[in-house]
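As stored in start_31.cif (mmCIF, N, CA and C atoms and all ligand atoms):
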data_coords
#
loop_
_atom_site.group_PDB
_atom_site.id
_atom_site.type_symbol
_atom_site.label_atom_id
_atom_site.label_comp_id
_atom_site.auth_asym_id
_atom_site.auth_seq_id
_atom_site.Cartn_x
_atom_site.Cartn_y
_atom_site.Cartn_z
ATOM 1 N N MET J 17 173.365 121.899 54.622
ATOM 2 C CA MET J 17 173.329 123.322 54.260
ATOM 3 C C MET J 17 171.898 123.715 53.895
ATOM 4 N N LYS J 18 171.485 124.807 54.426
ATOM 5 C CA LYS J 18 170.140 125.307 54.160
ATOM 6 C C LYS J 18 170.238 126.646 53.443
ATOM 7 N N ARG J 19 169.218 126.919 52.633
ATOM 8 C CA ARG J 19 169.131 128.238 52.052
ATOM 9 C C ARG J 19 168.368 129.137 53.023
ATOM 10 N N PHE J 20 168.805 130.382 53.093
ATOM 11 C CA PHE J 20 168.170 131.353 53.991
ATOM 12 C C PHE J 20 167.645 132.536 53.193
ATOM 13 N N TYR J 21 166.632 133.159 53.752
ATOM 14 C CA TYR J 21 165.996 134.305 53.101
ATOM 15 C C TYR J 21 165.817 135.432 54.104
ATOM 16 N N ILE J 22 165.845 136.654 53.592
ATOM 17 C CA ILE J 22 165.516 137.826 54.404
ATOM 18 C C ILE J 22 164.185 138.357 53.906
ATOM 19 N N GLU J 23 163.262 138.520 54.829
ATOM 20 C CA GLU J 23 161.945 139.019 54.443
ATOM 21 C C GLU J 23 161.421 139.931 55.544
ATOM 22 N N ILE J 24 160.773 141.022 55.134
ATOM 23 C CA ILE J 24 160.076 141.873 56.102
ATOM 24 C C ILE J 24 158.827 141.146 56.558
ATOM 25 N N GLY J 25 158.641 141.064 57.845
ATOM 26 C CA GLY J 25 157.462 140.379 58.346
ATOM 27 C C GLY J 25 157.116 140.867 59.735
ATOM 28 N N GLN J 26 156.094 140.276 60.305
ATOM 29 C CA GLN J 26 155.676 140.654 61.644
ATOM 30 C C GLN J 26 156.215 139.658 62.643
ATOM 31 N N LYS J 27 156.750 140.204 63.718
ATOM 32 C CA LYS J 27 157.150 139.351 64.812
ATOM 33 C C LYS J 27 155.911 138.996 65.629
ATOM 34 N N ASP J 28 156.076 138.093 66.609
ATOM 35 C CA ASP J 28 154.934 137.647 67.396
ATOM 36 C C ASP J 28 154.302 138.794 68.185
ATOM 37 N N ASP J 29 155.095 139.829 68.486
ATOM 38 C CA ASP J 29 154.533 140.973 69.211
ATOM 39 C C ASP J 29 153.875 141.980 68.271
ATOM 40 N N GLY J 30 153.792 141.652 66.974
ATOM 41 C CA GLY J 30 153.102 142.510 66.026
ATOM 42 C C GLY J 30 153.987 143.555 65.376
ATOM 43 N N GLN J 31 155.212 143.707 65.861
ATOM 44 C CA GLN J 31 156.121 144.691 65.279
ATOM 45 C C GLN J 31 156.671 144.191 63.952
ATOM 46 N N GLN J 32 156.841 145.130 63.018
ATOM 47 C CA GLN J 32 157.471 144.779 61.754
ATOM 48 C C GLN J 32 158.970 144.676 61.943
ATOM 49 N N ALA J 33 159.559 143.687 61.300
ATOM 50 C CA ALA J 33 160.998 143.518 61.396
ATOM 51 C C ALA J 33 161.498 142.828 60.135
ATOM 52 N N ARG J 34 162.795 143.020 59.890
ATOM 53 C CA ARG J 34 163.448 142.325 58.799
ATOM 54 C C ARG J 34 163.979 141.007 59.376
ATOM 55 N N LEU J 35 163.438 139.899 58.913
ATOM 56 C CA LEU J 35 163.706 138.618 59.562
ATOM 57 C C LEU J 35 164.468 137.667 58.638
ATOM 58 N N LEU J 36 165.347 136.912 59.263
ATOM 59 C CA LEU J 36 166.094 135.865 58.573
ATOM 60 C C LEU J 36 165.358 134.542 58.757
ATOM 61 N N HIS J 37 165.008 133.892 57.645
ATOM 62 C CA HIS J 37 164.300 132.613 57.692
ATOM 63 C C HIS J 37 165.088 131.512 57.013
ATOM 64 N N LYS J 38 164.886 130.299 57.498
ATOM 65 C CA LYS J 38 165.292 129.130 56.731
ATOM 66 C C LYS J 38 164.280 128.891 55.620
ATOM 67 N N GLU J 39 164.724 128.184 54.589
ATOM 68 C CA GLU J 39 163.891 128.008 53.405
ATOM 69 C C GLU J 39 162.554 127.334 53.695
ATOM 70 N N ASP J 40 162.489 126.486 54.716
ATOM 71 C CA ASP J 40 161.256 125.736 54.936
ATOM 72 C C ASP J 40 160.388 126.329 56.047
ATOM 73 N N CYS J 41 160.668 127.572 56.455
ATOM 74 C CA CYS J 41 159.893 128.187 57.540
ATOM 75 C C CYS J 41 158.484 128.523 57.065
ATOM 76 N N GLN J 42 157.511 128.217 57.924
ATOM 77 C CA GLN J 42 156.123 128.522 57.563
ATOM 78 C C GLN J 42 155.837 130.017 57.599
ATOM 79 N N LYS J 43 156.703 130.785 58.278
ATOM 80 C CA LYS J 43 156.486 132.227 58.350
ATOM 81 C C LYS J 43 157.059 132.948 57.128
ATOM 82 N N LEU J 44 157.786 132.218 56.326
ATOM 83 C CA LEU J 44 158.330 132.810 55.097
ATOM 84 C C LEU J 44 157.213 132.816 54.061
ATOM 85 N N LYS J 45 156.735 134.015 53.731
ATOM 86 C CA LYS J 45 155.508 134.100 52.938
ATOM 87 C C LYS J 45 155.794 134.073 51.448
ATOM 88 N N ASN J 46 156.817 134.742 51.023
ATOM 89 C CA ASN J 46 157.045 134.952 49.597
ATOM 90 C C ASN J 46 158.502 134.730 49.228
ATOM 91 N N PRO J 47 158.964 133.474 49.243
ATOM 92 C CA PRO J 47 160.393 133.260 48.979
ATOM 93 C C PRO J 47 160.848 133.792 47.632
ATOM 94 N N GLU J 48 159.934 133.831 46.665
ATOM 95 C CA GLU J 48 160.350 134.335 45.347
ATOM 96 C C GLU J 48 160.559 135.839 45.357
ATOM 97 N N ARG J 49 160.013 136.516 46.343
ATOM 98 C CA ARG J 49 160.208 137.975 46.445
ATOM 99 C C ARG J 49 161.164 138.348 47.565
ATOM 100 N N ALA J 50 161.522 137.414 48.422
ATOM 101 C CA ALA J 50 162.446 137.697 49.526
ATOM 102 C C ALA J 50 163.883 137.744 49.000
ATOM 103 N N VAL J 51 164.772 138.320 49.804
ATOM 104 C CA VAL J 51 166.189 138.339 49.451
ATOM 105 C C VAL J 51 166.776 136.972 49.774
ATOM 106 N N SER J 52 167.351 136.344 48.762
ATOM 107 C CA SER J 52 167.887 134.996 48.922
ATOM 108 C C SER J 52 169.378 135.069 49.227
ATOM 109 N N LEU J 53 169.805 134.360 50.269
ATOM 110 C CA LEU J 53 171.224 134.302 50.621
ATOM 111 C C LEU J 53 171.819 132.996 50.103
ATOM 112 N N SER J 54 173.140 132.922 50.129
ATOM 113 C CA SER J 54 173.768 131.663 49.761
ATOM 114 C C SER J 54 173.531 130.638 50.877
ATOM 115 N N ARG J 55 173.773 129.386 50.568
ATOM 116 C CA ARG J 55 173.520 128.341 51.560
ATOM 117 C C ARG J 55 174.500 128.453 52.715
ATOM 118 N N SER J 56 173.997 128.233 53.929
ATOM 119 C CA SER J 56 174.826 128.318 55.131
ATOM 120 C C SER J 56 174.605 127.096 55.996
ATOM 121 N N PRO J 57 175.635 126.683 56.720
ATOM 122 C CA PRO J 57 175.476 125.532 57.610
ATOM 123 C C PRO J 57 174.674 125.866 58.863
ATOM 124 N N THR J 58 174.708 127.112 59.303
ATOM 125 C CA THR J 58 173.994 127.493 60.530
ATOM 126 C C THR J 58 173.297 128.827 60.323
ATOM 127 N N SER J 59 172.285 129.059 61.143
ATOM 128 C CA SER J 59 171.574 130.332 61.032
ATOM 129 C C SER J 59 172.444 131.488 61.518
ATOM 130 N N SER J 60 173.383 131.206 62.439
ATOM 131 C CA SER J 60 174.273 132.279 62.893
ATOM 132 C C SER J 60 175.159 132.763 61.752
ATOM 133 N N ARG J 61 175.674 131.825 60.955
ATOM 134 C CA ARG J 61 176.490 132.194 59.805
ATOM 135 C C ARG J 61 175.653 132.979 58.795
ATOM 136 N N ALA J 62 174.431 132.519 58.578
ATOM 137 C CA ALA J 62 173.551 133.219 57.642
ATOM 138 C C ALA J 62 173.225 134.620 58.149
ATOM 139 N N LEU J 63 173.083 134.761 59.474
ATOM 140 C CA LEU J 63 172.773 136.081 60.027
ATOM 141 C C LEU J 63 173.924 137.060 59.781
ATOM 142 N N GLU J 64 175.153 136.570 59.885
ATOM 143 C CA GLU J 64 176.301 137.441 59.587
ATOM 144 C C GLU J 64 176.217 137.953 58.159
ATOM 145 N N GLU J 65 175.914 137.063 57.237
ATOM 146 C CA GLU J 65 175.795 137.481 55.840
ATOM 147 C C GLU J 65 174.622 138.455 55.667
ATOM 148 N N ALA J 66 173.527 138.137 56.319
ATOM 149 C CA ALA J 66 172.335 138.984 56.201
ATOM 150 C C ALA J 66 172.611 140.391 56.723
ATOM 151 N N GLN J 67 173.350 140.471 57.843
ATOM 152 C CA GLN J 67 173.584 141.781 58.455
ATOM 153 C C GLN J 67 174.614 142.607 57.687
ATOM 154 N N ARG J 68 175.387 141.945 56.798
ATOM 155 C CA ARG J 68 176.223 142.749 55.905
ATOM 156 C C ARG J 68 175.376 143.476 54.868
ATOM 157 N N LEU J 69 174.222 142.902 54.538
ATOM 158 C CA LEU J 69 173.312 143.536 53.588
ATOM 159 C C LEU J 69 172.385 144.517 54.310
ATOM 160 N N PHE J 70 171.810 144.064 55.414
ATOM 161 C CA PHE J 70 170.858 144.873 56.187
ATOM 162 C C PHE J 70 171.211 144.705 57.654
ATOM 163 N N ARG J 71 171.724 145.780 58.241
ATOM 164 C CA ARG J 71 172.223 145.680 59.617
ATOM 165 C C ARG J 71 171.143 145.324 60.617
ATOM 166 N N ASP J 72 169.890 145.635 60.277
ATOM 167 C CA ASP J 72 168.819 145.440 61.260
ATOM 168 C C ASP J 72 168.175 144.053 61.161
ATOM 169 N N THR J 73 168.740 143.153 60.386
ATOM 170 C CA THR J 73 168.153 141.817 60.253
ATOM 171 C C THR J 73 168.189 141.076 61.592
ATOM 172 N N GLN J 74 167.074 140.445 61.928
ATOM 173 C CA GLN J 74 166.985 139.627 63.137
ATOM 174 C C GLN J 74 166.632 138.192 62.746
ATOM 175 N N LYS J 75 166.983 137.246 63.609
ATOM 176 C CA LYS J 75 166.601 135.859 63.362
ATOM 177 C C LYS J 75 165.107 135.684 63.573
ATOM 178 N N CYS J 76 164.488 134.951 62.685
ATOM 179 C CA CYS J 76 163.090 134.555 62.911
ATOM 180 C C CYS J 76 163.045 133.660 64.148
ATOM 181 N N PRO J 77 162.143 133.959 65.094
ATOM 182 C CA PRO J 77 162.100 133.149 66.326
ATOM 183 C C PRO J 77 161.548 131.742 66.093
ATOM 184 N N HIS J 78 160.986 131.467 64.936
ATOM 185 C CA HIS J 78 160.386 130.160 64.678
ATOM 186 C C HIS J 78 161.345 129.194 63.999
ATOM 187 N N CYS J 79 162.262 129.700 63.196
ATOM 188 C CA CYS J 79 163.070 128.772 62.404
ATOM 189 C C CYS J 79 164.565 128.966 62.594
ATOM 190 N N ALA J 80 165.000 130.157 62.940
ATOM 191 C CA ALA J 80 166.440 130.461 62.950
ATOM 192 C C ALA J 80 166.981 130.513 64.373
ATOM 193 N N THR J 81 166.419 129.712 65.241
ATOM 194 C CA THR J 81 166.868 129.687 66.635
ATOM 195 C C THR J 81 168.020 128.707 66.797
ATOM 196 N N GLY J 82 168.536 128.615 67.984
ATOM 197 C CA GLY J 82 169.618 127.653 68.242
ATOM 198 C C GLY J 82 170.939 128.134 67.675
ATOM 199 N N ASP J 83 171.480 127.382 66.751
ATOM 200 C CA ASP J 83 172.777 127.714 66.178
ATOM 201 C C ASP J 83 172.758 129.099 65.579
HETATM 202 ZN ZN ZN J 101 161.279 131.784 59.961
#

As structure tokens, how would this structure be written, given the file I've shared?
Amino acid sequence: MKRFYIEIGQKDDGQQARLLHKEDCQKLKNPERAVSLSRSPTSSRALEEAQRLFRDTQKCPHCATGD
């Protein structure tokens, strides 16, 4: 189980987006200021929780890929 965070950040194309990160992602800049979610087994499960809070949340392309 990993902890996930929602943080506003820049995507690789430079656009700002609300991104879902795993706790150990290097793109997660400020975990103490990011929105902390409960632990999830997969990033897809965490994304469901994240989108209940913020519908526009997207997976971080660096850490929340795959599952
Ligand atoms: Zn990330």

Output of the PyMOL selection byres (((chain J and resi 79) around 6.5) and not hetatm), listed as an MDAnalysis selection string
chainID J and resid 37:38 41 76:78 80:81

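When only C-alpha atoms and all ligand atoms are used to compute distances to ligand ZN 101 (chain J), the closest of the residues J:Leu69, J:Tyr21, J:Arg61, J:Leu53 turns out to be J:Tyr21.
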
Specify as a ChimeraX atom specification each residue included when the PyMOL selection byres (((chain J and resi 25-34) around 6) and not hetatm) is applied to this file.
/J:23-24,35-36,72-74

Give me a file of those residues, with N, CA and C atoms, as a PDB file, keeping the file's coordinate frame.
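Resulting contents of selection27.pdb:
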ATOM      1  N   GLU J  23     163.262 138.520  54.829  1.00  0.00           N
ATOM      2  CA  GLU J  23     161.945 139.019  54.443  1.00  0.00           C
ATOM      3  C   GLU J  23     161.421 139.931  55.544  1.00  0.00           C
ATOM      4  N   ILE J  24     160.773 141.022  55.134  1.00  0.00           N
ATOM      5  CA  ILE J  24     160.076 141.873  56.102  1.00  0.00           C
ATOM      6  C   ILE J  24     158.827 141.146  56.558  1.00  0.00           C
ATOM      7  N   LEU J  35     163.438 139.899  58.913  1.00  0.00           N
ATOM      8  CA  LEU J  35     163.706 138.618  59.562  1.00  0.00           C
ATOM      9  C   LEU J  35     164.468 137.667  58.638  1.00  0.00           C
ATOM     10  N   LEU J  36     165.347 136.912  59.263  1.00  0.00           N
ATOM     11  CA  LEU J  36     166.094 135.865  58.573  1.00  0.00           C
ATOM     12  C   LEU J  36     165.358 134.542  58.757  1.00  0.00           C
ATOM     13  N   ASP J  72     169.890 145.635  60.277  1.00  0.00           N
ATOM     14  CA  ASP J  72     168.819 145.440  61.260  1.00  0.00           C
ATOM     15  C   ASP J  72     168.175 144.053  61.161  1.00  0.00           C
ATOM     16  N   THR J  73     168.740 143.153  60.386  1.00  0.00           N
ATOM     17  CA  THR J  73     168.153 141.817  60.253  1.00  0.00           C
ATOM     18  C   THR J  73     168.189 141.076  61.592  1.00  0.00           C
ATOM     19  N   GLN J  74     167.074 140.445  61.928  1.00  0.00           N
ATOM     20  CA  GLN J  74     166.985 139.627  63.137  1.00  0.00           C
ATOM     21  C   GLN J  74     166.632 138.192  62.746  1.00  0.00           C
TER      22      GLN J  74
END

Using only N, CA and C atoms and all ligand atoms, which of the listed residues (J:Arg55, J:Ala50, J:Arg71, J:Glu39) sits closest to ligand ZN 101 (chain J)?
J:Glu39

Can you give me, as JSON, numbers by chain, the residues this file yields under the PyMOL selection byres (((chain J and resi 83) around 5) and not hetatm)?
{"J": [59, 60, 81, 82]}

Looking only at the backbone, which of the residues in chain J does DSSP tag as strand (DSSP E or B), as a list in words?
Lys18, Phe20, Tyr21, Ile22, Glu23, Ile24, Gly25, Gln26, Gln32, Ala33, Arg34, Leu35, Leu36, His37, Lys38, Val51, Ser52, Ser56, Gln74 and Lys75 of chain J

Output N, CA and C atoms for every residue in that selection, as a PDB file, in the frame of the given file.
ATOM      1  N   LYS J  18     171.485 124.807  54.426  1.00  0.00           N
ATOM      2  CA  LYS J  18     170.140 125.307  54.160  1.00  0.00           C
ATOM      3  C   LYS J  18     170.238 126.646  53.443  1.00  0.00           C
ATOM      4  N   PHE J  20     168.805 130.382  53.093  1.00  0.00           N
ATOM      5  CA  PHE J  20     168.170 131.353  53.991  1.00  0.00           C
ATOM      6  C   PHE J  20     167.645 132.536  53.193  1.00  0.00           C
ATOM      7  N   TYR J  21     166.632 133.159  53.752  1.00  0.00           N
ATOM      8  CA  TYR J  21     165.996 134.305  53.101  1.00  0.00           C
ATOM      9  C   TYR J  21     165.817 135.432  54.104  1.00  0.00           C
ATOM     10  N   ILE J  22     165.845 136.654  53.592  1.00  0.00           N
ATOM     11  CA  ILE J  22     165.516 137.826  54.404  1.00  0.00           C
ATOM     12  C   ILE J  22     164.185 138.357  53.906  1.00  0.00           C
ATOM     13  N   GLU J  23     163.262 138.520  54.829  1.00  0.00           N
ATOM     14  CA  GLU J  23     161.945 139.019  54.443  1.00  0.00           C
ATOM     15  C   GLU J  23     161.421 139.931  55.544  1.00  0.00           C
ATOM     16  N   ILE J  24     160.773 141.022  55.134  1.00  0.00           N
ATOM     17  CA  ILE J  24     160.076 141.873  56.102  1.00  0.00           C
ATOM     18  C   ILE J  24     158.827 141.146  56.558  1.00  0.00           C
ATOM     19  N   GLY J  25     158.641 141.064  57.845  1.00  0.00           N
ATOM     20  CA  GLY J  25     157.462 140.379  58.346  1.00  0.00           C
ATOM     21  C   GLY J  25     157.116 140.867  59.735  1.00  0.00           C
ATOM     22  N   GLN J  26     156.094 140.276  60.305  1.00  0.00           N
ATOM     23  CA  GLN J  26     155.676 140.654  61.644  1.00  0.00           C
ATOM     24  C   GLN J  26     156.215 139.658  62.643  1.00  0.00           C
ATOM     25  N   GLN J  32     156.841 145.130  63.018  1.00  0.00           N
ATOM     26  CA  GLN J  32     157.471 144.779  61.754  1.00  0.00           C
ATOM     27  C   GLN J  32     158.970 144.676  61.943  1.00  0.00           C
ATOM     28  N   ALA J  33     159.559 143.687  61.300  1.00  0.00           N
ATOM     29  CA  ALA J  33     160.998 143.518  61.396  1.00  0.00           C
ATOM     30  C   ALA J  33     161.498 142.828  60.135  1.00  0.00           C
ATOM     31  N   ARG J  34     162.795 143.020  59.890  1.00  0.00           N
ATOM     32  CA  ARG J  34     163.448 142.325  58.799  1.00  0.00           C
ATOM     33  C   ARG J  34     163.979 141.007  59.376  1.00  0.00           C
ATOM     34  N   LEU J  35     163.438 139.899  58.913  1.00  0.00           N
ATOM     35  CA  LEU J  35     163.706 138.618  59.562  1.00  0.00           C
ATOM     36  C   LEU J  35     164.468 137.667  58.638  1.00  0.00           C
ATOM     37  N   LEU J  36     165.347 136.912  59.263  1.00  0.00           N
ATOM     38  CA  LEU J  36     166.094 135.865  58.573  1.00  0.00           C
ATOM     39  C   LEU J  36     165.358 134.542  58.757  1.00  0.00           C
ATOM     40  N   HIS J  37     165.008 133.892  57.645  1.00  0.00           N
ATOM     41  CA  HIS J  37     164.300 132.613  57.692  1.00  0.00           C
ATOM     42  C   HIS J  37     165.088 131.512  57.013  1.00  0.00           C
ATOM     43  N   LYS J  38     164.886 130.299  57.498  1.00  0.00           N
ATOM     44  CA  LYS J  38     165.292 129.130  56.731  1.00  0.00           C
ATOM     45  C   LYS J  38     164.280 128.891  55.620  1.00  0.00           C
ATOM     46  N   VAL J  51     164.772 138.320  49.804  1.00  0.00           N
ATOM     47  CA  VAL J  51     166.189 138.339  49.451  1.00  0.00           C
ATOM     48  C   VAL J  51     166.776 136.972  49.774  1.00  0.00           C
ATOM     49  N   SER J  52     167.351 136.344  48.762  1.00  0.00           N
ATOM     50  CA  SER J  52     167.887 134.996  48.922  1.00  0.00           C
ATOM     51  C   SER J  52     169.378 135.069  49.227  1.00  0.00           C
ATOM     52  N   SER J  56     173.997 128.233  53.929  1.00  0.00           N
ATOM     53  CA  SER J  56     174.826 128.318  55.131  1.00  0.00           C
ATOM     54  C   SER J  56     174.605 127.096  55.996  1.00  0.00           C
ATOM     55  N   GLN J  74     167.074 140.445  61.928  1.00  0.00           N
ATOM     56  CA  GLN J  74     166.985 139.627  63.137  1.00  0.00           C
ATOM     57  C   GLN J  74     166.632 138.192  62.746  1.00  0.00           C
ATOM     58  N   LYS J  75     166.983 137.246  63.609  1.00  0.00           N
ATOM     59  CA  LYS J  75     166.601 135.859  63.362  1.00  0.00           C
ATOM     60  C   LYS J  75     165.107 135.684  63.573  1.00  0.00           C
TER      61      LYS J  75
END

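A straight-line distance of 11.8 Å separates atom N of J:Gln67 from atom CA of J:Ser52.
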
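Note that the spacing between atom N of J:Phe20 and atom N of J:Ser56 amounts to 5.7 Å.
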
Could you work out how far atom N of J:Arg68 lies from atom CA of J:Glu48, giving the answer in Å with one decimal?
20.4 Å

Given only C-alpha atoms and all ligand atoms as the basis, pick out the residue of J:Gln42, J:Pro47, J:Thr58, J:Lys18 nearest to ligand ZN 101 (chain J).
J:Gln42

Nearest to ligand ZN 101 (chain J): which of J:Leu44, J:Glu65, J:Met17, J:Ser54 is it, counting only N, CA and C atoms and all ligand atoms?
J:Leu44

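Compared by their closest atoms to ligand ZN 101 (chain J), and using all atoms listed in the file, the residues J:Phe70, J:Arg19, J:Asn46, J:Lys75 rank with J:Lys75 nearest.
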
Which of chain J fall in helix (DSSP H, G or I), as a PyMOL selection string:
chain J and resi 59-69

How big is the axis-aligned box around the listed atoms of stretch 50-64 of chain J once 8 Å is added on each side, and where is its centre? Give both in Å to one decimal, as AutoDock Vina command-line options.
--center_x 169.0 --center_y 131.9 --center_z 55.7 --size_x 31.0 --size_y 28.8 --size_z 30.5
